[in-house]
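The data block below is final_12.tsv; it holds TSV, C-alpha atoms.
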chain	number	residue	atom	x	y	z
A	97	MET	CA	-36.12	-8.61	1.09
A	98	ALA	CA	-32.31	-8.51	0.87
A	99	GLU	CA	-30.68	-5.38	-0.48
A	100	HIS	CA	-28.97	-5.50	-3.85
A	101	PRO	CA	-25.31	-6.31	-3.14
A	102	GLY	CA	-22.69	-3.72	-3.97
A	103	PRO	CA	-19.86	-4.51	-6.39
A	104	ALA	CA	-17.28	-4.82	-3.59
A	105	ALA	CA	-19.36	-7.38	-1.67
A	106	ALA	CA	-19.96	-9.34	-4.87
A	107	ALA	CA	-16.23	-9.25	-5.70
A	108	HIS	CA	-15.32	-10.60	-2.26
A	109	ALA	CA	-17.87	-13.39	-2.55
A	110	ARG	CA	-16.63	-14.18	-6.06
A	111	ALA	CA	-13.05	-14.42	-4.78
A	112	ARG	CA	-14.10	-16.72	-1.95
A	113	ALA	CA	-16.02	-18.98	-4.34
A	114	GLY	CA	-13.63	-19.01	-7.28
A	115	GLY	CA	-10.26	-17.61	-6.26
A	116	PRO	CA	-8.50	-14.37	-7.26
A	117	VAL	CA	-10.63	-11.93	-9.26
A	118	ARG	CA	-9.27	-10.84	-12.63
A	119	LEU	CA	-8.85	-7.08	-13.10
A	120	GLY	CA	-8.53	-5.11	-16.30
A	121	ALA	CA	-5.65	-2.79	-17.12
A	122	ALA	CA	-5.32	-0.17	-14.34
A	123	GLU	CA	-8.63	-1.32	-12.80
A	124	PRO	CA	-8.43	-0.76	-9.03
A	125	ALA	CA	-9.03	-3.54	-6.56
A	126	PRO	CA	-12.18	-3.29	-4.44
A	127	PRO	CA	-11.72	-2.14	-0.82
A	128	GLY	CA	-10.28	-4.87	1.36
A	129	MET	CA	-8.51	-6.55	-1.56
A	130	MET	CA	-4.84	-6.53	-2.56
A	131	ARG	CA	-4.07	-5.87	-6.23
A	132	LEU	CA	-1.40	-7.99	-7.92
A	133	THR	CA	-0.37	-6.09	-11.02
A	134	ARG	CA	1.12	-7.75	-14.09
A	135	ALA	CA	3.52	-6.25	-16.60
A	136	ASP	CA	0.64	-5.38	-18.96
A	137	SER	CA	-1.18	-3.48	-16.15
A	138	THR	CA	-3.87	-6.15	-15.80
A	139	GLY	CA	-4.04	-7.87	-12.47
A	140	GLU	CA	-5.79	-9.96	-9.88
A	141	ALA	CA	-7.48	-9.02	-6.61
A	142	LEU	CA	-7.34	-11.05	-3.43
A	143	PRO	CA	-9.11	-10.38	-0.12
A	144	VAL	CA	-6.81	-9.48	2.78
A	145	TRP	CA	-7.47	-10.35	6.39
A	146	PRO	CA	-8.57	-7.57	8.76
A	147	ASP	CA	-5.90	-5.89	10.90
A	148	GLY	CA	-3.19	-8.04	9.33
A	149	VAL	CA	-4.16	-11.21	11.18
A	150	THR	CA	-4.11	-14.61	9.47
A	151	PRO	CA	-6.12	-17.81	9.96
A	152	ALA	CA	-3.32	-18.89	12.32
A	153	LEU	CA	-5.32	-16.92	14.89
A	154	LEU	CA	-7.66	-19.91	15.07
A	155	GLU	CA	-4.86	-21.93	16.67
A	156	GLU	CA	-4.54	-19.34	19.44
A	157	HIS	CA	-8.21	-19.88	20.25
A	158	GLN	CA	-7.96	-23.66	19.82
A	159	VAL	CA	-10.52	-23.61	17.03
A	160	PRO	CA	-9.93	-26.19	14.26
A	161	PRO	CA	-9.80	-24.69	10.74
A	162	VAL	CA	-11.36	-26.25	7.66
A	163	ALA	CA	-9.43	-29.45	6.95
A	164	VAL	CA	-7.09	-29.65	3.96
A	165	GLU	CA	-6.87	-32.93	2.09
A	166	ARG	CA	-3.54	-34.63	2.85
A	167	SER	CA	-2.38	-31.47	4.59
A	168	GLY	CA	1.09	-32.80	5.41
A	169	GLU	CA	2.02	-33.53	1.81
A	170	THR	CA	0.42	-30.30	0.65
A	171	ARG	CA	2.47	-28.18	3.07
A	172	ARG	CA	5.69	-29.99	2.16
A	173	VAL	CA	5.11	-29.60	-1.57
A	174	LEU	CA	4.37	-25.88	-1.11
A	175	ALA	CA	7.67	-25.63	0.80
A	176	ALA	CA	9.44	-27.33	-2.12
A	177	VAL	CA	7.89	-24.85	-4.56
A	178	LEU	CA	9.03	-21.97	-2.34
A	179	LYS	CA	12.56	-23.42	-2.26
A	180	CYS	CA	12.67	-23.61	-6.06
A	181	CYS	CA	10.97	-20.30	-6.89
A	182	TRP	CA	12.23	-17.89	-4.20
A	183	HIS	CA	15.78	-17.26	-5.39
A	184	ASP	CA	16.35	-13.80	-3.91
A	185	LEU	CA	15.67	-14.07	-0.18
A	186	SER	CA	16.21	-10.32	0.22
A	187	ALA	CA	13.07	-9.70	-1.87
A	188	ASP	CA	9.47	-10.61	-1.11
A	189	PRO	CA	8.62	-14.27	-1.87
A	190	TRP	CA	5.98	-13.38	-4.47
A	191	PRO	CA	6.23	-13.35	-7.43
A	192	GLY	CA	9.54	-15.23	-7.40
A	193	ARG	CA	10.74	-17.03	-10.52
A	194	PRO	CA	9.26	-19.96	-12.48
A	195	ALA	CA	10.81	-23.37	-11.87
A	196	PRO	CA	10.52	-26.72	-13.68
A	197	VAL	CA	7.98	-29.04	-12.11
A	198	ASP	CA	10.62	-31.80	-12.07
A	199	LEU	CA	12.85	-29.57	-9.93
A	200	VAL	CA	10.04	-29.23	-7.39
A	201	LEU	CA	9.52	-33.00	-7.42
A	202	ASP	CA	13.26	-33.58	-6.91
A	203	THR	CA	13.26	-31.15	-3.99
A	204	TYR	CA	10.28	-32.92	-2.45
A	205	ARG	CA	12.06	-36.27	-2.87
A	206	GLU	CA	15.07	-34.96	-0.97
A	207	LEU	CA	12.82	-33.51	1.71
A	208	ILE	CA	10.99	-36.76	2.49
A	209	GLY	CA	13.78	-39.18	1.53
A	210	ARG	CA	11.67	-41.27	-0.85
A	211	THR	CA	11.81	-41.84	-4.60
A	212	ASP	CA	8.99	-44.32	-5.25
A	213	ASP	CA	5.96	-43.82	-7.47
A	214	LEU	CA	3.66	-43.35	-4.48
A	215	MET	CA	5.73	-40.34	-3.42
A	216	ARG	CA	5.33	-38.85	-6.89
A	217	ASN	CA	1.57	-39.43	-6.83
A	218	TRP	CA	1.34	-37.63	-3.49
A	219	ALA	CA	3.33	-34.69	-4.84
A	220	VAL	CA	1.31	-34.46	-8.06
A	221	GLY	CA	-1.94	-34.50	-6.11
A	222	ALA	CA	-0.65	-31.78	-3.78
A	223	LEU	CA	0.43	-29.62	-6.72
A	224	ARG	CA	-3.03	-29.90	-8.21
A	225	ARG	CA	-4.67	-28.90	-4.93
A	226	LEU	CA	-2.29	-25.97	-4.55
A	227	HIS	CA	-3.00	-24.88	-8.12
A	228	ASP	CA	-6.77	-25.10	-7.63
A	229	SER	CA	-6.51	-22.94	-4.49
A	230	ALA	CA	-4.16	-20.37	-6.14
A	231	TRP	CA	-1.16	-21.13	-3.92
A	232	VAL	CA	0.81	-22.12	-7.02
A	233	VAL	CA	0.31	-21.69	-10.75
A	234	MET	CA	1.19	-24.61	-13.02
A	235	GLY	CA	1.36	-25.16	-16.72
A	236	ASP	CA	3.33	-27.12	-19.31
A	237	GLY	CA	6.14	-28.25	-17.05
A	238	VAL	CA	6.50	-24.99	-15.10
A	239	VAL	CA	5.38	-24.01	-11.60
A	240	THR	CA	5.37	-20.56	-10.00
A	241	LEU	CA	4.25	-19.16	-6.68
A	242	GLY	CA	0.56	-18.38	-6.86
A	243	PRO	CA	-1.28	-15.19	-5.96
A	244	ARG	CA	-2.10	-16.31	-2.42
A	245	CYS	CA	1.61	-16.32	-1.56
A	246	ALA	CA	1.50	-12.51	-1.85
A	247	LEU	CA	-0.68	-12.54	1.29
A	248	TRP	CA	2.10	-13.82	3.52
A	249	PRO	CA	2.63	-11.01	6.05
A	250	VAL	CA	6.02	-9.31	6.12
A	251	GLU	CA	6.45	-10.50	9.70
A	252	SER	CA	6.51	-14.10	8.45
A	253	HIS	CA	9.24	-13.58	5.85
A	254	ALA	CA	12.11	-14.23	8.27
A	255	GLN	CA	10.57	-17.57	9.23
A	256	LEU	CA	10.04	-18.43	5.56
A	257	GLN	CA	13.66	-17.52	4.77
A	258	GLU	CA	14.88	-19.86	7.50
A	259	LEU	CA	12.64	-22.61	6.13
A	260	VAL	CA	14.10	-22.21	2.63
A	261	ARG	CA	17.66	-22.27	3.98
A	262	ARG	CA	17.00	-25.49	5.89
A	263	LEU	CA	15.31	-27.36	3.03
A	264	PRO	CA	17.61	-29.77	1.16
A	265	ASP	CA	18.82	-28.92	-2.33
A	266	PRO	CA	17.52	-31.19	-5.10
A	267	ALA	CA	19.80	-33.94	-6.39
A	268	ARG	CA	19.57	-32.37	-9.89
A	269	PRO	CA	19.74	-28.61	-9.38
A	270	GLU	CA	19.89	-27.81	-13.11
A	271	LEU	CA	16.81	-29.11	-14.89
A	272	THR	CA	15.22	-28.00	-18.14
A	273	VAL	CA	11.49	-27.57	-18.45
A	274	VAL	CA	9.88	-30.78	-19.65
A	275	PRO	CA	6.08	-30.85	-20.11
A	276	ASP	CA	4.49	-33.41	-17.82
A	277	ASP	CA	1.38	-35.08	-19.19
A	278	ASP	CA	0.04	-35.61	-15.67
A	279	LEU	CA	0.24	-31.90	-14.87
A	280	VAL	CA	-0.41	-29.99	-18.10
A	281	ALA	CA	-4.16	-30.44	-17.77
A	282	ALA	CA	-4.15	-28.90	-14.29
A	283	GLY	CA	-3.01	-25.44	-15.38
A	284	GLN	CA	-2.58	-23.09	-18.28
A	285	SER	CA	0.88	-22.22	-19.60
A	286	ALA	CA	-0.26	-18.66	-20.26
A	287	GLU	CA	-0.96	-18.22	-16.56
A	288	ALA	CA	2.50	-19.45	-15.61
A	289	SER	CA	4.16	-17.08	-18.07
A	290	GLU	CA	2.59	-14.03	-16.43
A	291	ALA	CA	3.79	-14.80	-12.92
A	292	GLY	CA	5.89	-11.65	-12.58
A	293	GLY	CA	4.35	-8.56	-11.09
A	294	ARG	CA	4.01	-6.37	-8.03
A	295	ALA	CA	1.68	-6.41	-5.05
A	296	GLU	CA	-0.18	-3.22	-4.15
A	297	ALA	CA	-1.49	-2.58	-0.65
A	298	ALA	CA	-5.20	-2.98	-0.04
A	299	VAL	CA	-7.50	-0.08	0.75
A	300	ALA	CA	-8.82	-0.55	4.30
A	301	GLU	CA	-12.52	-1.37	4.48
A	302	PHE	CA	-13.30	-1.86	8.19
A	303	ASP	CA	-11.59	1.12	9.82
A	304	ASP	CA	-14.79	3.15	10.01
A	305	LEU	CA	-16.49	0.23	11.80
A	306	LEU	CA	-13.62	-0.60	14.15
A	307	SER	CA	-12.15	2.82	14.95
A	308	GLY	CA	-14.76	3.54	17.62
A	309	TYR	CA	-13.65	0.57	19.72
A	310	ASP	CA	-10.69	0.28	22.06
A	311	GLU	CA	-7.87	-2.12	21.24
A	312	ARG	CA	-9.37	-5.01	23.20
A	313	ARG	CA	-12.83	-4.77	21.65
A	314	ARG	CA	-11.33	-4.35	18.19
A	315	ALA	CA	-9.28	-7.52	18.68
A	316	GLU	CA	-12.39	-9.36	19.86
A	317	LEU	CA	-14.27	-8.33	16.72
A	318	VAL	CA	-11.44	-9.43	14.44
A	319	ALA	CA	-11.11	-12.74	16.28
A	320	ALA	CA	-14.83	-13.44	15.96
A	321	TYR	CA	-14.72	-12.49	12.29
A	322	MET	CA	-11.89	-14.94	11.60
A	323	VAL	CA	-13.47	-17.85	13.44
A	324	VAL	CA	-16.93	-17.58	11.89
A	325	GLU	CA	-15.33	-17.28	8.44
A	326	HIS	CA	-12.61	-19.94	8.71
A	327	ALA	CA	-13.51	-22.45	11.43
A	328	ALA	CA	-14.44	-25.97	10.39
A	329	GLU	CA	-17.60	-25.93	12.51
A	330	PRO	CA	-19.89	-23.30	14.08
A	331	VAL	CA	-18.26	-21.82	17.19
A	332	GLN	CA	-19.80	-21.47	20.63
A	333	GLU	CA	-21.19	-18.04	21.41
A	334	VAL	CA	-19.86	-18.14	24.97
A	335	ARG	CA	-16.25	-18.29	23.77
A	336	PHE	CA	-16.21	-14.94	21.91
A	337	ALA	CA	-17.30	-11.59	23.30
A	338	ALA	CA	-18.21	-10.29	19.84
A	339	LEU	CA	-20.76	-13.10	19.52
A	340	ARG	CA	-22.21	-12.68	23.04
A	341	ASP	CA	-22.57	-8.88	22.99
A	342	PRO	CA	-25.46	-7.71	20.73
A	343	ALA	CA	-23.73	-4.39	19.86
A	344	LEU	CA	-20.47	-6.09	18.92
A	345	ARG	CA	-22.37	-8.78	17.04
A	346	HIS	CA	-24.13	-6.07	15.02
A	347	THR	CA	-20.75	-4.60	14.02
A	348	LEU	CA	-19.50	-8.08	13.17
A	349	GLY	CA	-22.53	-8.51	10.91
A	350	GLU	CA	-21.68	-5.26	9.13
A	351	MET	CA	-18.09	-6.43	8.58
A	352	LEU	CA	-19.35	-9.65	7.03
A	353	ALA	CA	-21.92	-7.85	4.88
A	354	ARG	CA	-19.15	-5.86	3.19
A	355	ARG	CA	-17.77	-9.16	1.97
A	356	GLY	CA	-21.06	-10.62	0.83
A	357	ARG	CA	-21.44	-12.74	3.97
A	358	THR	CA	-23.90	-12.97	6.84
A	359	LEU	CA	-23.99	-14.40	10.35
A	360	ILE	CA	-25.83	-17.70	10.81
A	361	GLN	CA	-26.92	-18.96	14.22
A	362	HIS	CA	-27.24	-22.63	15.21
A	363	ARG	CA	-28.70	-22.54	18.72
A	364	ASP	CA	-25.77	-21.30	20.85
A	365	ARG	CA	-23.25	-21.49	17.99
A	366	TRP	CA	-22.42	-19.16	15.12
A	367	THR	CA	-20.92	-19.41	11.67
A	368	SER	CA	-21.17	-17.39	8.46
A	369	GLY	CA	-22.48	-17.97	4.96
A	370	TYR	CA	-23.14	-16.19	1.71
A	371	ASP	CA	-25.72	-13.41	1.78
A	372	ASP	CA	-28.77	-14.52	-0.21
A	373	ALA	CA	-28.64	-11.52	-2.56
A	374	VAL	CA	-24.93	-12.07	-3.24
A	375	ALA	CA	-25.45	-15.78	-3.87
A	376	ALA	CA	-28.25	-14.95	-6.31
A	377	ARG	CA	-26.04	-12.44	-8.10
A	378	LEU	CA	-23.20	-14.92	-8.46
A	379	GLY	CA	-25.63	-17.55	-9.68
A	380	ALA	CA	-26.96	-15.17	-12.31
A	381	GLU	CA	-23.41	-14.53	-13.56
A	382	GLY	CA	-22.89	-18.24	-14.26
A	383	PRO	CA	-22.15	-21.53	-12.50
A	384	ALA	CA	-20.48	-20.84	-9.15
A	385	ARG	CA	-19.22	-23.25	-6.52
A	386	LEU	CA	-20.39	-21.62	-3.31
A	387	GLY	CA	-18.65	-23.53	-0.56
A	388	GLY	CA	-18.55	-22.45	3.07
Have the structure of the file written as C-alpha cells, please.
Amino acid sequence: MAEHPGPAAAAHARARAGGPVRLGAAEPAPPGMMRLTRADSTGEALPVWPDGVTPALLEEHQVPPVAVERSGETRRVLAAVLKCCWHDLSADPWPGRPAPVDLVLDTYRELIGRTDDLMRNWAVGALRRLHDSAWVVMGDGVVTLGPRCALWPVESHAQLQELVRRLPDPARPELTVVPDDDLVAAGQSAEASEAGGRAEAAVAEFDDLLSGYDERRRAELVAAYMVVEHAAEPVQEVRFAALRDPALRHTLGEMLARRGRTLIQHRDRWTSGYDDAVAARLGAEGPARLGG
C-alpha cells in the first residue's frame, strides 16, 4: 500500500498537472519550488529543476522532448511578448511590464513579414497555448510575461538580451490597450494586473540525496531525472548510468518521490508517472488533468 503523500510531493504534482500553485500571504513555497511574491504578499510557487539544469539537457543527450503544438509559431510569439514586456534589459526579464496584445501581434508581424489573417490566427493560437502553460498571462487586451519566465536561468539572460535587441520593432510602437474578443476569454484581467512581483530562491530539496556522490555520479542522476520526467518517450536503460545501476536508480526513485512521481519500467526502457497515492489525493481535491 502506498504511503500517504506529504504536502510538498502533492504540491509538486499539483503544479505539474495544473501549473503554478497559488500561495497565501507570506506562505512559504514547498522545498524545490521558487516563490513569486506579489505586492500583496500572496504568491505562486513553481518547481525548479535540480542543480540549475533545464530541459535543454535533453538535446545534449539527443533525447526528443514532449512535442509542442506548432512549436515554431509558439516560440516566435513568446519572443514577441518578451520584446514588448522586457523594457529594462539590465533587470531580470520577469516580471517585466504589461503590453497591449495588439503590440505583440504587430511585433510578430514584423518578425515573420506577414500581415494576413492566417498569421493572426497562428499568433492568437500561440498566445492561448502560452497562457495555458503559464509562459504568459493574458486578459482584456493586455499580455504580461508569465510565471514560468522567472525560471530562465541567469546564465541565459545575456542570450535573451541579444534576442530582444535583434527582434524588429513593431510598426506601431505606441498602442493603447484595446480588449480583443478573441483573447479575453483565454485569460483573466485580474491576473494580468498582478504581474509585478519578485522571485525568491527555492529551498534545495535533493542536496541530502546527491551530496554523497561525486560530481560525475551527481550529473548522471540529474540527467536521468530530467529525461524520465521530460522525454517524449521512455528512454533506454543502457543510455543512462543512473538507470542501469540499482543503487543510483534507487536514489533517482527517491528524487522522484519527493515530487509525487515514480519510476515506471517498460522492458528495457524507463519513464516516470504520478505516484498512485498522489494521484488519488489530487483526484480527491477535485478534477485534475494528470498528463505525463
Item checked: Residue with smallest distance to Ala298 (chain A) - pool A:Ala319, A:Val220, A:Leu185, A:Ala125, counting all atoms listed in the file ->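 Smallest distance to Ala298 (chain A) is found for A:Ala125.
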Notebook entry, point to check: So which residues fall inside 9 Å of (12.6, -24.0, 2.7) if we count all atoms listed in the file? Mind giving them as a ChimeraX atom specification?
Noted result: /A:175-180,256-264
Check: Which distance in Å separates CA of Gly139 (chain A) and CA of Arg112 (chain A), to one decimal?
Finding: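 Calculated distance between CA of Gly139 (chain A) and CA of Arg112 (chain A) is 17.0 Å.
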Next item on the list: Go ahead and compute the interatomic distance for CA of Arg365 (chain A) and CA of Val323 (chain A), in Å to one decimal.
Entry: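 CA of Val323 (chain A) lies at a distance of 11.4 Å from CA of Arg365 (chain A).
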Margin query: From the options A:Gly168, A:Ala106, A:Ala222, A:Glu350, which residue's atoms come nearest to Ala373 (chain A), counting all atoms listed in the file?
Written below: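 Under the stated criterion, the closest residue is A:Ala106.
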Note to self: as a ChimeraX atom specification, please: the residues near region 340-348 of chain A (cut-off 7 Å, only C-alpha atoms, same-chain neighbours under 5 positions excluded).
What the structure shows: /A:305,317,321,333-334
Item checked: Pick from A:Gly114, A:Gly102, A:Gly237, A:Gly349 nearest to Val318 (chain A), counting only C-alpha atoms ->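 Of the candidates, the smallest distance to Val318 (chain A) is held by A:Gly349.
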Checklist line | Contact residues around Gln361 (chain A) with all atoms listed in the file at 12 Å, ignoring same-chain residues under 2 positions, as a list in words | finding: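 Near Gln361 (chain A), the qualifying residues are Val324, Glu329, Pro330, Val331, Gln332, Glu333, Leu339, Arg340, Arg345, Gly349, Thr358, Leu359, Arg363, Asp364, Arg365, Trp366, Thr367, Ser368 and Gly369 of chain A.
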Note to self: Using all atoms listed in the file for the distances, tell me which of A:Glu165, A:Glu155, A:Asp228, A:Asp236 is nearest to Pro194 (chain A).
What the structure shows: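 Checking each candidate against Pro194 (chain A), we get A:Asp236 as the closest.
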Check: Quick one, how far is CA of Met129 (chain A) from CA of Pro103 (chain A)?
Finding: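 Between CA of Met129 (chain A) and CA of Pro103 (chain A) the gap works out to 12.5 Å.
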Notebook entry, point to check: Which residue, A:Trp218, A:Trp190, A:Tyr370, A:Tyr309, has the smallest gap to His253 (chain A) when you use only C-alpha atoms?
Noted result: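 Ranking A:Trp218, A:Trp190, A:Tyr370, A:Tyr309 by distance to His253 (chain A), first place goes to A:Trp190.
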Next item on the list: Might you pull out every residue within 8 Å of region 230-232 of chain A, with all atoms listed in the file counted and same-chain residues fewer than 3 positions away left off, and present them as a ChimeraX atom specification?
Entry: /A:115-116,174,177,223,226-227,239-245
